[in-house]
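First up is the structure itself, then whatever we jot down about it.
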Amino acid sequence: MGVVTDHLGLFAEGARTTAVLTALSFALALVLGTVLASCRVSPVPPLRAAATAYVEVVRNTPLTVLFVLFFFGFPKLGIQYPRFASAVIVLSAYTGAFVGEVLRSGINAVAAGQAEAARALGLTFGQNLRLVVLPQAYRTVVAPLGGLLVALIKNSSIALVISVAELTFIADQVNRDTARPIPVFVGAAIGYLAMAIPTGLAVGALERRVAIRR
Amino acid sequence: MTTPAIGDALGPRGRRRVAVASAVAVAVLAVALVAAVNRLHTKGQLDGDLWEPFRHWGVWRFLLFTGLRNTLRAAGVAMVLALVLGVVLALGRLSKRRPVRWLAGAYIEFFRSMPLLLLILFSFLALPKYGVDLSIYGYLVLALVVYNAAVLGEIFRAGILSLDPGQTEAANAIGLSYAQTMALVVLPQAFRRMIPAIVSQLVTLLKDTSLGFVIGYEELLRTANSTGAYYHDILQSLVVVAGVYIAVNLSLSRVAHRLEVRQRRRFGAGAMAVSGVEDLALVDAAGRADR
Amino acid sequence: MTSRRWMVAALVALSLLAAGCGKDSSKKKGASSTATTVATFPPGTTLDTIQKRGKLIVGTKFDQPLFGVKNPTTGDIEGFDAEIARLMAKAIFGDPAKIEFIEAVSKNREPFLQEGKVDIVVATYTINDKRKQVVDFAGPYYVARQDILVKKDDNTIKAVQDLNGKKVCTVQGSTSLTNLQAQAPQADVSTLFDKYGLCVEALNDGRVQAVTTDNAILAGFVEQSPDKYKLVGAPFSNEPYGIGLKKGDNTLQAFLNTQLETFFGDGQWKKAYDKTLGKVIPGGTPPAIVRY
């Protein structure tokens, strides 16, 4: 494992890039997912249709294709961003669709009585959603959202195809330089474990704390 | 898709507001669409000669009968092998012997936390140095199987646990051994319940085969890249190929959904709500809801 | 009804396995030409193995314009690199069609040579000392020179020194960037990308005034849009493209070098050049082999 310690700086950089990439993308994905879920449950048909179309298109396209399309294809349309920003955009656009679906099932799981009570109090659709339904929906879907966050940590490795220097990219480079694949890739694996497992535990703790008790 | 009773049953004023909102939404979307088409046009991306290659059967034959075929081939074989290994892992995790449980559990937890791309690169770059000599296809399928077995193992375990314990009790009552109970009673039923989840995972697996792009496997994305390089129409090639992926995956998802609906009718609450998952995020939630 | 469904599922699984276990059809095409005098090689050498196998396995690019692109309709690989590879196949078998091309992406180039999965790599493979630690090279078979791409109507840039004070684009971390900064230290290199295609888009949009890298790569863009861009034609610095082979295989290296010199002399190199690269950069001449 001397190889890893020799290049510890590089590996740490890679892990940091992965972490920042994941955090930024997840934050944006949460915002996008909320918007999408709200559109899909709204009474306005065009909003429902547009959100559904977005989700179906993004969910059924491989993330690799989305990366290549955005970074190598979109410049033909004059849409061109630096590597890291492109990775954040693609990852949040992709994960946001799944967040939206998870949130939507959460909204549906919130007891109908809650929405009815809100209605009885005279709240509009928007107020109902914002003050009553969504807060409870979020608390219901903490576990699946945590699953999406772990999935995002793993998906960030796909930014390799646009040469973002995240952990897997670094591992590949170091292997290229040292020809010691086993310690290098095991080192990277440990890096991902070190990110995924604590995240899982933290999500579990958070879920228990915000669980809706009746 | 059920619409919850968030808003009031709409009266005339409510209906008017929704109508106005709809009109505004349509207008905004129309403007966005026009802007997008205009941008395509000004950048010359709607030019005939960029789309012209797709009027030739030869190009489609390359994309579908080389690219898509290789994608399906890798996904299909990986799925079958991962199912077999997944059953083994699930049974291991449910075993009465602690070391077996621990081993299976460790495998599942480890590989589920690994990025698939890392596993693919490891398979391709590290294994050859230790005598494992395969084709690009072989290395890709190996990585896909190792990863998906962990995912499917969890799905199987949930499926087995979702069975009525009365089934195993009855099997024991008539004198079947553990192996016989598993093989004749538990696994067939569990497998049937998990078919929607397995089809859903097949969708994810199909998307994951595009990672073979990185090691030079000639799957659908790679063929789009070659086509785009040859005709200088990379944007068009990628859009067309994205369309193919969407078409294939949508149909599979629809099949999974229909299977799930049919299951719900037969098994009621015992069925597993799993279509459209991103790596078990929703399976976990559904599993919890069943308790 | 349920037993029927199991049978169907089993059949599907079996056929999937069968399809998966089926062998990949090799990408051989082209009519076999009349055999000329075929060289014979001492048994046990790489060349003997290749000859016994019946085809030369070559790693090349499938997406590099003018050097290696895959024709989707025919499945053939077209380009200068492919032509050089075919000349080698002809030297070994007397038949340029006894060849199989595998796509060489950056991840599999060196591993495939080390593992013997390809015999040679001809893929705009620049010879440099770092790579020589892992693989060996024959050649060079072409020396790309760094040149400048500008808009067709731009006459302000005539040489690399004119790039001082102007916005220039190239690929991050490339030798092109190092060479540019050496020759035009005041050039504005704040716009750097990952792929030259992105630089060309920036040039098109007016965000930069020039793109610089190997003229071979720039030529691909001129070929694509001859009315938009042009090569300045004032090359500086050299990028030798070589044939990659397994490290330590001196017999193969010697063979390839000798063959290359033959092709340089008897006009076959020129024919391959004019057919591909020559369409955009006319009048190329073969380089001098560097043996080491």
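Simple scheme: letters A, B, ... for chains in structure tokens order, numbers from 1 for residues in each chain, numbers from 1 for ligands in the order shown.
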Test item, helix (DSSP H, G or I) assignment across stretch 155-236 of chain C, answer as a PyMOL selection string: chain C and resi 160-163+175-183+196-205+215-224
Return as a PyMOL selection string the residues belonging to chain A that are within 10 Å of chain C, counting only C-alpha atoms. chain A and resi 71-83+162-164+172+176-177+179
Would you mind listing, as a PyMOL selection string, all residues of chain B that have at least one atom within 9 Å of chain C, where only C-alpha atoms are what counts? chain B and resi 56-63+73-74+76-77+80-81+121+124-125+128-129+133+135+214-218+223+225-232
Could you check which of B:Thr168, B:Gln180, B:Asn70, B:Ser113 is closest to chain A, using only C-alpha atoms? B:Ser113
Residue hits in chain A, query chain B, radius 7 Å, only C-alpha atoms, as a ChimeraX atom specification: /A:41,43-47,57,60-62,64-65,69,73-74,76-77,108,112,115-116,119,124-125,128,143-144,147-148,154-155,157-158,168,181-182,185,189,192-193,196
Can you pull out the residues contacting stretch 231-240 of chain C? Cut-off 10 Å, using only C-alpha atoms, and skip same-chain residues under 6 positions away; I want them as a ChimeraX atom specification. /C:124-128,139-152,154-155,157-160,175-176,179-180,183,210-216,218-219,221-222,280-281,287,290
